[in-house]
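K.L.:
Data file query_22.cif (mmCIF, C-alpha atoms) is appended below.
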data_query
loop_
_atom_site.label_atom_id
_atom_site.label_comp_id
_atom_site.auth_asym_id
_atom_site.auth_seq_id
_atom_site.Cartn_x
_atom_site.Cartn_y
_atom_site.Cartn_z
CA MET A 7 -1.99 46.32 39.44
CA GLU A 8 -4.16 49.20 38.27
CA PHE A 9 -5.83 48.72 34.92
CA SER A 10 -6.58 51.45 32.41
CA SER A 11 -9.87 49.78 31.53
CA LYS A 12 -12.75 48.54 33.66
CA LEU A 13 -13.68 45.94 31.03
CA LEU A 14 -10.16 44.54 31.10
CA GLU A 15 -10.10 44.54 34.88
CA ASP A 16 -13.44 42.68 35.11
CA ALA A 17 -12.29 40.04 32.66
CA VAL A 18 -8.98 39.54 34.49
CA ASN A 19 -10.77 39.27 37.84
CA GLU A 20 -13.16 36.63 36.53
CA VAL A 21 -10.43 34.54 34.90
CA ALA A 22 -8.28 34.81 38.04
CA GLN A 23 -11.04 33.07 40.04
CA LEU A 24 -10.26 29.80 38.28
CA PRO A 25 -8.13 27.44 40.38
CA GLY A 26 -4.39 27.71 39.80
CA ILE A 27 -4.67 30.92 37.76
CA GLY A 28 -3.30 34.10 39.31
CA ARG A 29 -3.84 37.67 38.19
CA ARG A 30 -0.71 37.78 36.04
CA THR A 31 -1.64 34.61 34.17
CA ALA A 32 -5.22 35.87 33.84
CA LEU A 33 -3.95 39.09 32.29
CA ARG A 34 -1.78 37.14 29.86
CA LEU A 35 -4.75 34.97 28.81
CA VAL A 36 -7.08 37.93 28.43
CA LEU A 37 -4.56 39.93 26.36
CA TYR A 38 -4.07 36.84 24.20
CA LEU A 39 -7.82 36.72 23.51
CA LEU A 40 -7.74 40.41 22.60
CA ARG A 41 -5.10 39.76 19.96
CA GLN A 42 -7.03 36.85 18.42
CA PRO A 43 -10.10 37.27 16.17
CA ASP A 44 -13.43 37.99 17.97
CA ASN A 45 -14.55 34.55 16.96
CA GLN A 46 -12.29 32.73 19.39
CA THR A 47 -13.63 34.58 22.42
CA ASN A 48 -17.21 34.05 21.23
CA GLN A 49 -16.66 30.32 20.79
CA LEU A 50 -15.01 30.02 24.18
CA ALA A 51 -17.81 31.86 25.96
CA LYS A 52 -20.50 29.95 24.08
CA SER A 53 -19.02 26.53 24.80
CA LEU A 54 -18.71 27.33 28.52
CA LEU A 55 -22.28 28.63 28.72
CA ASP A 56 -23.68 25.69 26.75
CA MET A 57 -21.82 23.22 28.89
CA ARG A 58 -22.92 24.81 32.16
CA SER A 59 -26.58 25.13 31.20
CA LYS A 60 -27.19 21.97 29.16
CA ILE A 61 -24.95 19.30 30.64
CA ASN A 62 -26.52 16.34 32.41
CA PHE A 63 -25.31 13.67 34.76
CA CYS A 64 -26.09 10.05 33.96
CA SER A 65 -28.98 8.99 36.21
CA SER A 66 -27.41 5.57 36.64
CA CYS A 67 -23.66 6.16 37.19
CA HIS A 68 -23.51 9.97 37.74
CA ASN A 69 -20.92 10.39 35.00
CA ILE A 70 -21.20 13.52 32.86
CA SER A 71 -23.49 12.90 29.92
CA ASP A 72 -25.40 14.72 27.20
CA ASN A 73 -28.42 12.49 27.79
CA SER A 74 -30.09 11.06 30.86
CA ILE A 75 -28.11 7.81 30.44
CA CYS A 76 -24.42 8.10 29.52
CA LYS A 77 -22.71 6.43 26.57
CA ILE A 78 -21.05 3.82 28.77
CA CYS A 79 -24.22 2.77 30.64
CA SER A 80 -26.20 2.59 27.40
CA ASN A 81 -23.52 0.64 25.52
CA GLN A 82 -24.78 -2.91 24.84
CA ASN A 83 -21.24 -4.27 24.72
CA ARG A 84 -20.38 -3.31 28.30
CA ASN A 85 -20.63 -5.87 31.06
CA LYS A 86 -23.38 -4.48 33.32
CA SER A 87 -22.63 -6.95 36.14
CA THR A 88 -19.19 -5.49 36.96
CA ILE A 89 -19.16 -2.05 38.51
CA CYS A 90 -16.08 0.09 39.15
CA ILE A 91 -16.42 2.72 41.89
CA VAL A 92 -14.49 5.94 41.31
CA GLU A 93 -14.33 9.35 42.99
CA ASP A 94 -14.48 11.63 40.05
CA ILE A 95 -15.31 11.98 36.35
CA ARG A 96 -11.61 12.33 35.63
CA ASP A 97 -11.02 8.84 37.00
CA VAL A 98 -13.52 7.46 34.48
CA LEU A 99 -11.58 9.17 31.67
CA ALA A 100 -8.29 7.79 33.04
CA ILE A 101 -9.56 4.18 33.27
CA GLU A 102 -11.31 4.42 29.88
CA SER A 103 -8.06 5.49 28.25
CA THR A 104 -6.42 2.21 29.36
CA ALA A 105 -9.07 0.23 27.39
CA THR A 106 -8.77 -2.64 29.91
CA PHE A 107 -12.13 -2.32 31.67
CA LYS A 108 -15.31 -3.44 29.99
CA GLY A 109 -17.77 -3.05 32.88
CA ILE A 110 -19.65 0.04 34.02
CA TYR A 111 -18.76 2.79 36.49
CA HIS A 112 -20.25 4.51 39.50
CA VAL A 113 -19.02 8.06 40.19
CA LEU A 114 -19.23 8.92 43.90
CA GLY A 115 -18.47 12.62 43.43
CA GLY A 116 -15.78 12.66 46.15
CA LYS A 117 -14.64 10.77 49.25
CA ILE A 118 -15.89 10.74 52.82
CA SER A 119 -13.81 13.46 54.47
CA PRO A 120 -15.01 14.77 57.83
CA MET A 121 -12.21 17.40 57.77
CA ASP A 122 -13.81 18.97 54.68
CA GLY A 123 -17.34 18.42 55.97
CA ILE A 124 -18.11 15.71 53.41
CA GLY A 125 -20.22 12.87 54.83
CA PRO A 126 -21.70 9.76 53.16
CA ASN A 127 -24.90 11.65 52.36
CA ASP A 128 -23.02 14.16 50.21
CA LEU A 129 -21.87 11.38 47.91
CA ASN A 130 -23.70 9.09 45.46
CA ILE A 131 -23.50 6.10 47.84
CA GLU A 132 -27.18 5.35 48.35
CA SER A 133 -27.88 4.87 44.63
CA LEU A 134 -24.83 2.58 44.46
CA VAL A 135 -26.00 0.34 47.31
CA LEU A 136 -29.50 0.15 45.79
CA LYS A 137 -27.99 -0.80 42.44
CA VAL A 138 -25.84 -3.53 44.00
CA LYS A 139 -28.82 -4.89 45.94
CA THR A 140 -30.86 -5.45 42.77
CA GLY A 141 -28.85 -8.70 42.38
CA LEU A 142 -27.73 -7.87 38.84
CA ILE A 143 -24.23 -6.93 39.98
CA LYS A 144 -21.69 -9.74 40.35
CA GLU A 145 -18.50 -7.79 41.09
CA VAL A 146 -17.68 -4.44 42.68
CA ILE A 147 -14.21 -2.95 42.11
CA PHE A 148 -13.00 -0.15 44.38
CA ALA A 149 -10.80 2.29 42.43
CA LEU A 150 -10.59 5.18 44.90
CA SER A 151 -7.34 6.93 45.67
CA SER A 152 -5.16 5.27 48.25
CA THR A 153 -5.56 7.81 51.04
CA MET A 154 -7.16 7.70 54.48
CA GLU A 155 -10.32 9.26 53.02
CA GLY A 156 -10.34 6.77 50.15
CA ASP A 157 -9.93 3.83 52.52
CA THR A 158 -12.66 5.15 54.82
CA THR A 159 -15.05 5.44 51.88
CA ASN A 160 -14.19 1.95 50.64
CA PHE A 161 -14.85 0.51 54.09
CA TYR A 162 -18.13 2.42 54.55
CA ILE A 163 -19.45 1.02 51.28
CA TYR A 164 -18.03 -2.45 51.95
CA LYS A 165 -19.91 -2.68 55.26
CA GLN A 166 -23.22 -2.19 53.42
CA ILE A 167 -22.64 -4.77 50.71
CA GLN A 168 -20.51 -7.42 52.48
CA ASP A 169 -23.45 -9.71 53.20
CA LEU A 170 -24.47 -9.91 49.56
CA GLU A 171 -23.08 -12.72 47.46
CA ILE A 172 -20.83 -10.63 45.23
CA LYS A 173 -17.12 -10.40 44.58
CA VAL A 174 -15.54 -7.25 46.01
CA SER A 175 -12.07 -6.31 44.80
CA THR A 176 -9.78 -3.31 44.82
CA ILE A 177 -7.34 -2.19 42.14
CA ALA A 178 -3.76 -3.45 42.62
CA ARG A 179 -1.21 -1.21 44.37
CA GLY A 180 2.43 -1.71 43.55
CA ILE A 181 5.48 -0.36 41.81
CA SER A 182 4.62 1.58 38.65
CA VAL A 183 5.62 -0.06 35.39
CA GLY A 184 9.05 1.34 34.47
CA ASP A 185 9.90 2.52 38.00
CA GLU A 186 13.09 1.51 39.75
CA LEU A 187 12.72 -0.40 43.02
CA GLU A 188 15.27 1.63 44.96
CA TYR A 189 13.21 4.82 44.60
CA ALA A 190 9.86 3.28 45.58
CA ASP A 191 8.40 4.11 49.00
CA GLU A 192 8.43 1.32 51.62
CA VAL A 193 4.63 0.99 51.91
CA THR A 194 4.14 0.53 48.18
CA LEU A 195 7.07 -1.86 47.88
CA GLY A 196 5.85 -3.84 50.90
CA ARG A 197 2.35 -4.15 49.44
CA SER A 198 3.69 -5.22 46.06
CA ILE A 199 5.58 -8.06 47.74
CA THR A 200 2.65 -9.14 49.93
CA ASN A 201 0.30 -9.10 46.95
CA ARG A 202 2.69 -10.82 44.55
CA ILE A 203 1.11 -12.58 41.61
CA PRO A 204 1.96 -15.80 39.77
CA PHE A 205 4.63 -15.07 37.16
CA GLU A 206 2.57 -16.60 34.35
CA ILE A 207 -0.18 -14.01 34.95
CA SER A 208 2.27 -11.12 34.61
CA LEU A 209 3.20 -12.38 31.14
CA LYS A 210 -0.33 -11.84 29.82
CA MET B 12 -8.88 11.18 26.16
CA GLU B 13 -12.40 10.29 25.09
CA PHE B 14 -15.18 12.28 26.72
CA SER B 15 -18.61 10.98 27.58
CA SER B 16 -20.15 14.30 26.60
CA LYS B 17 -19.84 16.43 23.47
CA LEU B 18 -20.58 19.60 25.47
CA LEU B 19 -17.76 18.82 27.87
CA GLU B 20 -15.41 17.99 25.03
CA ASP B 21 -16.17 21.26 23.20
CA ALA B 22 -15.57 23.30 26.34
CA VAL B 23 -12.28 21.52 27.06
CA ASN B 24 -11.11 22.01 23.47
CA GLU B 25 -11.87 25.74 23.57
CA VAL B 26 -10.16 26.30 26.93
CA ALA B 27 -7.14 24.24 25.79
CA GLN B 28 -6.57 26.73 22.95
CA LEU B 29 -5.43 29.35 25.46
CA PRO B 30 -1.64 29.67 25.65
CA GLY B 31 0.02 27.55 28.33
CA ILE B 32 -3.12 25.52 29.03
CA GLY B 33 -3.11 21.87 28.01
CA ARG B 34 -6.04 19.50 27.79
CA ARG B 35 -5.61 18.17 31.31
CA THR B 36 -5.59 21.64 32.85
CA ALA B 37 -8.52 22.63 30.63
CA LEU B 38 -10.49 19.63 31.92
CA ARG B 39 -9.67 20.56 35.51
CA LEU B 40 -10.87 24.15 34.95
CA VAL B 41 -14.05 23.07 33.19
CA LEU B 42 -14.94 20.51 35.88
CA TYR B 43 -14.30 23.21 38.49
CA LEU B 44 -16.82 25.49 36.74
CA LEU B 45 -19.34 22.62 36.70
CA ARG B 46 -19.07 22.29 40.47
CA GLN B 47 -19.54 26.04 41.06
CA PRO B 48 -22.92 27.82 40.81
CA ASP B 49 -24.14 28.68 37.28
CA ASN B 50 -23.53 32.30 38.05
CA GLN B 51 -19.76 32.04 37.98
CA THR B 52 -19.67 30.61 34.45
CA ASN B 53 -22.17 33.24 33.29
CA GLN B 54 -20.11 36.07 34.75
CA LEU B 55 -16.91 34.70 33.25
CA ALA B 56 -18.45 34.34 29.78
CA LYS B 57 -20.11 37.75 29.97
CA SER B 58 -16.96 39.59 31.05
CA LEU B 59 -14.94 37.99 28.25
CA LEU B 60 -17.57 38.80 25.62
CA ASP B 61 -17.99 42.37 26.88
CA MET B 62 -14.28 42.91 26.91
CA ARG B 63 -13.75 41.54 23.41
CA SER B 64 -16.62 43.44 21.85
CA LYS B 65 -16.50 46.77 23.68
CA ILE B 66 -12.87 47.42 24.48
CA ASN B 67 -11.07 50.31 22.77
CA PHE B 68 -7.50 51.28 22.26
CA CYS B 69 -6.47 54.84 23.10
CA SER B 70 -6.17 56.75 19.83
CA SER B 71 -3.15 58.58 21.17
CA CYS B 72 -0.98 56.00 22.95
CA HIS B 73 -2.62 52.68 21.85
CA ASN B 74 -3.03 51.56 25.44
CA ILE B 75 -6.21 49.62 26.27
CA SER B 76 -8.99 52.00 27.23
CA ASP B 77 -12.74 52.14 27.76
CA ASN B 78 -12.90 55.45 25.89
CA SER B 79 -11.20 56.84 22.81
CA ILE B 80 -8.56 58.50 24.99
CA CYS B 81 -7.14 56.50 27.91
CA LYS B 82 -7.04 57.58 31.56
CA ILE B 83 -3.32 58.33 31.42
CA CYS B 84 -3.43 60.47 28.26
CA SER B 85 -6.46 62.41 29.53
CA ASN B 86 -4.98 62.98 33.00
CA GLN B 87 -4.19 66.70 33.45
CA ASN B 88 -1.49 65.93 36.01
CA ARG B 89 0.67 63.88 33.63
CA ASN B 90 3.59 65.51 31.87
CA LYS B 91 2.64 65.35 28.17
CA SER B 92 6.13 66.31 26.99
CA THR B 93 7.80 63.11 28.20
CA ILE B 94 6.89 59.94 26.35
CA CYS B 95 7.88 56.43 27.34
CA ILE B 96 7.94 53.86 24.51
CA VAL B 97 6.93 50.34 25.51
CA GLU B 98 6.20 47.11 23.64
CA ASP B 99 3.07 46.00 25.33
CA ILE B 100 0.15 46.96 27.57
CA ARG B 101 1.65 44.84 30.34
CA ASP B 102 4.73 47.07 30.35
CA VAL B 103 2.50 50.09 31.00
CA LEU B 104 0.99 48.27 34.00
CA ALA B 105 4.46 47.32 35.26
CA ILE B 106 5.84 50.88 35.02
CA GLU B 107 2.65 52.39 36.47
CA SER B 108 2.92 50.12 39.50
CA THR B 109 6.33 51.67 40.33
CA ALA B 110 4.70 55.14 40.58
CA THR B 111 7.96 56.75 39.43
CA PHE B 112 6.94 57.91 35.96
CA LYS B 113 4.68 60.91 35.48
CA GLY B 114 4.83 61.27 31.70
CA ILE B 115 2.74 59.51 29.05
CA TYR B 116 3.25 56.25 27.16
CA HIS B 117 3.30 54.99 23.62
CA VAL B 118 2.50 51.30 23.14
CA LEU B 119 4.16 49.87 20.01
CA GLY B 120 2.32 46.58 20.12
CA GLY B 121 5.48 44.49 19.70
CA LYS B 122 9.05 44.71 18.43
CA ILE B 123 10.54 44.60 14.94
CA SER B 124 11.25 40.91 14.44
CA PRO B 125 11.91 39.71 10.88
CA MET B 126 12.05 36.10 12.14
CA ASP B 127 8.38 36.36 13.19
CA GLY B 128 7.45 38.41 10.14
CA ILE B 129 6.91 41.61 12.14
CA GLY B 130 8.10 44.71 10.31
CA PRO B 131 7.94 48.42 11.28
CA ASN B 132 4.58 48.79 9.53
CA ASP B 133 2.98 46.21 11.83
CA LEU B 134 3.75 48.38 14.86
CA ASN B 135 2.46 51.76 16.03
CA ILE B 136 5.64 53.54 14.96
CA GLU B 137 4.27 56.04 12.42
CA SER B 138 1.87 57.63 14.92
CA LEU B 139 4.74 57.90 17.41
CA VAL B 140 7.03 59.69 14.96
CA LEU B 141 4.20 62.08 13.99
CA LYS B 142 3.54 62.80 17.66
CA VAL B 143 7.21 63.51 18.35
CA LYS B 144 7.43 65.77 15.31
CA THR B 145 4.65 68.05 16.56
CA GLY B 146 7.32 69.68 18.73
CA LEU B 147 5.36 69.20 21.96
CA ILE B 148 7.56 66.31 23.06
CA LYS B 149 10.77 67.16 24.94
CA GLU B 150 11.97 63.70 25.95
CA VAL B 151 11.59 60.19 24.57
CA ILE B 152 12.43 57.23 26.86
CA PHE B 153 13.00 53.80 25.32
CA ALA B 154 11.72 51.08 27.66
CA LEU B 155 11.78 48.06 25.35
CA SER B 156 13.18 44.74 26.43
CA SER B 157 16.91 44.32 26.13
CA THR B 158 16.99 41.85 23.27
CA MET B 159 18.22 42.04 19.70
CA GLU B 160 14.67 42.79 18.54
CA GLY B 161 14.24 45.46 21.20
CA ASP B 162 17.55 47.11 20.25
CA THR B 163 16.65 46.99 16.54
CA THR B 164 13.32 48.67 17.23
CA ASN B 165 14.96 51.33 19.41
CA PHE B 166 17.47 52.07 16.68
CA TYR B 167 14.83 52.19 13.92
CA ILE B 168 12.84 54.77 15.86
CA TYR B 169 15.94 56.69 16.91
CA LYS B 170 17.01 57.14 13.27
CA GLN B 171 13.72 58.89 12.53
CA ILE B 172 13.81 61.31 15.45
CA GLN B 173 17.54 61.91 15.95
CA ASP B 174 17.57 65.21 14.05
CA LEU B 175 14.85 66.73 16.23
CA GLU B 176 15.95 68.73 19.26
CA ILE B 177 14.71 66.35 21.91
CA LYS B 178 16.31 64.32 24.65
CA VAL B 179 16.37 60.58 23.92
CA SER B 180 17.12 58.22 26.79
CA THR B 181 16.81 54.54 27.61
CA ILE B 182 15.98 52.92 30.93
CA ALA B 183 19.01 51.92 33.02
CA ARG B 184 20.33 48.37 32.82
CA GLY B 185 22.22 47.01 35.80
CA ILE B 186 22.21 44.69 38.74
CA SER B 187 18.72 44.27 40.24
CA VAL B 188 18.20 45.82 43.65
CA GLY B 189 18.87 43.07 46.22
CA ASP B 190 20.89 40.87 43.82
CA GLU B 191 24.37 39.62 44.66
CA LEU B 192 27.18 40.63 42.29
CA GLU B 193 28.72 37.16 42.01
CA TYR B 194 25.57 35.74 40.40
CA ALA B 195 25.07 38.56 37.88
CA ASP B 196 25.84 37.86 34.24
CA GLU B 197 28.92 39.54 32.76
CA VAL B 198 27.11 41.76 30.27
CA THR B 199 24.80 43.25 32.90
CA LEU B 200 27.64 43.71 35.38
CA GLY B 201 29.82 45.27 32.70
CA ARG B 202 27.08 47.71 31.71
CA SER B 203 26.38 48.64 35.31
CA ILE B 204 30.08 49.60 35.75
CA THR B 205 30.26 51.51 32.48
CA ASN B 206 27.09 53.43 33.29
CA ARG B 207 27.94 54.09 36.93
CA ILE B 208 26.18 57.06 38.50
CA PRO B 209 27.33 59.68 41.03
CA PHE B 210 26.92 58.28 44.55
CA GLU B 211 24.84 61.24 45.70
CA ILE B 212 22.20 60.45 43.05
CA SER B 213 21.85 56.86 44.30
CA LEU B 214 20.98 58.19 47.75
CA LYS B 215 17.85 59.94 46.47
#
Please re-express this file's structure in structure tokens.
P.N.:
Amino acid sequence: MEFSSKLLEDAVNEVAQLPGIGRRTALRLVLYLLRQPDNQTNQLAKSLLDMRSKINFCSSCHNISDNSICKICSNQNRNKSTICIVEDIRDVLAIESTATFKGIYHVLGGKISPMDGIGPNDLNIESLVLKVKTGLIKEVIFALSSTMEGDTTNFYIYKQIQDLEIKVSTIARGISVGDELEYADEVTLGRSITNRIPFEISLK
Amino acid sequence: MEFSSKLLEDAVNEVAQLPGIGRRTALRLVLYLLRQPDNQTNQLAKSLLDMRSKINFCSSCHNISDNSICKICSNQNRNKSTICIVEDIRDVLAIESTATFKGIYHVLGGKISPMDGIGPNDLNIESLVLKVKTGLIKEVIFALSSTMEGDTTNFYIYKQIQDLEIKVSTIARGISVGDELEYADEVTLGRSITNRIPFEISLK
């Protein structure tokens, strides 16, 4: 694709660097911005620049935050003795949207994955272990994805905190609500039978 | 989705205004930028701002251009007497990439579409008719999309230039190269039989 304008070409090339956006989509987005008032492009650029230059990470849980301590960690109504370990900021958003968890989070920033060159030192594991060792934490919930890397990370962290007197749990795996049994994979279905729960609890 | 940061939320909202990008995709793109070096966000923002504020449209053909006359219109090797009428800048790019057209273009900026409130005066039709009437144009090629709006626009322009002594043609419709006949729609197949061409020409 040869462009009649260097400015257009530069903009398309930059937008096409975003993940999942090819050159055709980039061109469509850029031409869309050209048809809209100047203001929209200015706002978009400003919000991206502001975010990149001013954003902070919570010094306690490593979640994205505008201040040095995030809204969740500084919220007096959250239970500071229960900590949920997640991979990513998006997982915090996902769990928050269920409104079922009232504790605090710890964002690892990924999973241990030797294939991708990610070791324990690349993740926020040390600050987690220190936090758990203060004695203020009563329960740790693992909410990492159910993959080999997720399980490895869970186990690595578990080994460091297993001698402490705290409850360690992991989120339940099973058939999704609304799913039909016949289409579920065997591993998930097997786990959901092994980890069956008293019927009265499922009514709550 | 409730964000822990106003800066993040603003950025996601702005990105989600782009066509075809929802809030989840916007969040993914924004978090990707956060993980990359500052430089990438700065370059992206700068190229968008530069493009929006500095870009010009060719005063002759209305194509996007860095100068007042675009590269194609100012190219001495192009045949200025043959003009190809297209809807959009993307159509110019598509035809240019075939390297089969050596004339110049005229970008209408859309099609006549009363349903969307687009009338002839919203398009670059007047400048086209004036250009054709100078007498320097020998052939006009309609390359609009084959829809009711495209046909209406073709016909509207044709009515204004039909009395001039110029050749008016439209791009060929037919079965795509490589397509199998049995899967072609009836209208396209019918047209490709009606407008059959001498076999010798197809060999060229």
K.L.:
Pick out the residues sitting within 12 Å of Thr163 (chain B), and hand them over as a list in words; count all atoms listed in the file, and ignore anything fewer than 5 positions along from it in its own chain.
P.N.:
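In the requested form, the answer reads Gly121, Lys122, Ile123, Ser124, Pro125, Ile129, Gly130, Pro131, Phe153, Leu155, Ser156, Ser157, Thr158, Ile168, Tyr169 and Lys170 of chain B.
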K.L.:
Residues around (19.6, 47.6, 33.8), cut-off 12 Å, counting all atoms listed in the file - what are they as a VMD selection string?
P.N.:
chain B and resid 154 to 157 181 to 188 195 to 196 198 to 207
K.L.:
Could you list, as a PDB file with C-alpha atoms, in the coordinates of the input, every residue matched by the PyMOL selection byres ((chain A) within 8 of (chain B)) in this structure?
P.N.:
ATOM      1  CA  MET A   7      -1.990  46.320  39.440  1.00  0.00           C
ATOM      2  CA  GLU A   8      -4.160  49.200  38.270  1.00  0.00           C
ATOM      3  CA  PHE A   9      -5.830  48.720  34.920  1.00  0.00           C
ATOM      4  CA  SER A  10      -6.580  51.450  32.410  1.00  0.00           C
ATOM      5  CA  SER A  11      -9.870  49.780  31.530  1.00  0.00           C
ATOM      6  CA  LYS A  12     -12.750  48.540  33.660  1.00  0.00           C
ATOM      7  CA  LEU A  13     -13.680  45.940  31.030  1.00  0.00           C
ATOM      8  CA  LEU A  14     -10.160  44.540  31.100  1.00  0.00           C
ATOM      9  CA  ASP A  16     -13.440  42.680  35.110  1.00  0.00           C
ATOM     10  CA  ALA A  17     -12.290  40.040  32.660  1.00  0.00           C
ATOM     11  CA  GLU A  20     -13.160  36.630  36.530  1.00  0.00           C
ATOM     12  CA  VAL A  21     -10.430  34.540  34.900  1.00  0.00           C
ATOM     13  CA  LEU A  24     -10.260  29.800  38.280  1.00  0.00           C
ATOM     14  CA  PRO A  25      -8.130  27.440  40.380  1.00  0.00           C
ATOM     15  CA  LEU A  35      -4.750  34.970  28.810  1.00  0.00           C
ATOM     16  CA  VAL A  36      -7.080  37.930  28.430  1.00  0.00           C
ATOM     17  CA  TYR A  38      -4.070  36.840  24.200  1.00  0.00           C
ATOM     18  CA  LEU A  39      -7.820  36.720  23.510  1.00  0.00           C
ATOM     19  CA  LEU A  40      -7.740  40.410  22.600  1.00  0.00           C
ATOM     20  CA  ASP A  44     -13.430  37.990  17.970  1.00  0.00           C
ATOM     21  CA  THR A  47     -13.630  34.580  22.420  1.00  0.00           C
ATOM     22  CA  ASN A  48     -17.210  34.050  21.230  1.00  0.00           C
ATOM     23  CA  GLN A  49     -16.660  30.320  20.790  1.00  0.00           C
ATOM     24  CA  LEU A  50     -15.010  30.020  24.180  1.00  0.00           C
ATOM     25  CA  ALA A  51     -17.810  31.860  25.960  1.00  0.00           C
ATOM     26  CA  LYS A  52     -20.500  29.950  24.080  1.00  0.00           C
ATOM     27  CA  SER A  53     -19.020  26.530  24.800  1.00  0.00           C
ATOM     28  CA  LEU A  54     -18.710  27.330  28.520  1.00  0.00           C
ATOM     29  CA  LEU A  55     -22.280  28.630  28.720  1.00  0.00           C
ATOM     30  CA  ASP A  56     -23.680  25.690  26.750  1.00  0.00           C
ATOM     31  CA  MET A  57     -21.820  23.220  28.890  1.00  0.00           C
ATOM     32  CA  ARG A  58     -22.920  24.810  32.160  1.00  0.00           C
ATOM     33  CA  SER A  59     -26.580  25.130  31.200  1.00  0.00           C
ATOM     34  CA  LYS A  60     -27.190  21.970  29.160  1.00  0.00           C
ATOM     35  CA  ILE A  61     -24.950  19.300  30.640  1.00  0.00           C
ATOM     36  CA  ASN A  69     -20.920  10.390  35.000  1.00  0.00           C
ATOM     37  CA  ILE A  70     -21.200  13.520  32.860  1.00  0.00           C
ATOM     38  CA  SER A  71     -23.490  12.900  29.920  1.00  0.00           C
ATOM     39  CA  ASP A  72     -25.400  14.720  27.200  1.00  0.00           C
ATOM     40  CA  CYS A  76     -24.420   8.100  29.520  1.00  0.00           C
ATOM     41  CA  LYS A  77     -22.710   6.430  26.570  1.00  0.00           C
ATOM     42  CA  ILE A  78     -21.050   3.820  28.770  1.00  0.00           C
ATOM     43  CA  LEU A  99     -11.580   9.170  31.670  1.00  0.00           C
ATOM     44  CA  ALA A 100      -8.290   7.790  33.040  1.00  0.00           C
ATOM     45  CA  GLU A 102     -11.310   4.420  29.880  1.00  0.00           C
ATOM     46  CA  SER A 103      -8.060   5.490  28.250  1.00  0.00           C
TER      47      SER A 103
END
K.L.:
What does the distance between CA of Asn81 (chain A) and CA of Ile207 (chain A) come to in Å, to one decimal place?
P.N.:
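Going from CA of Asn81 (chain A) over to CA of Ile207 (chain A), I get 29.1 Å.
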K.L.:
CA of Leu192 (chain B) to CA of Pro209 (chain B): how many Å, to one decimal?
P.N.:
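About the pair CA of Leu192 (chain B) and CA of Pro209 (chain B): they are 19.1 Å apart.
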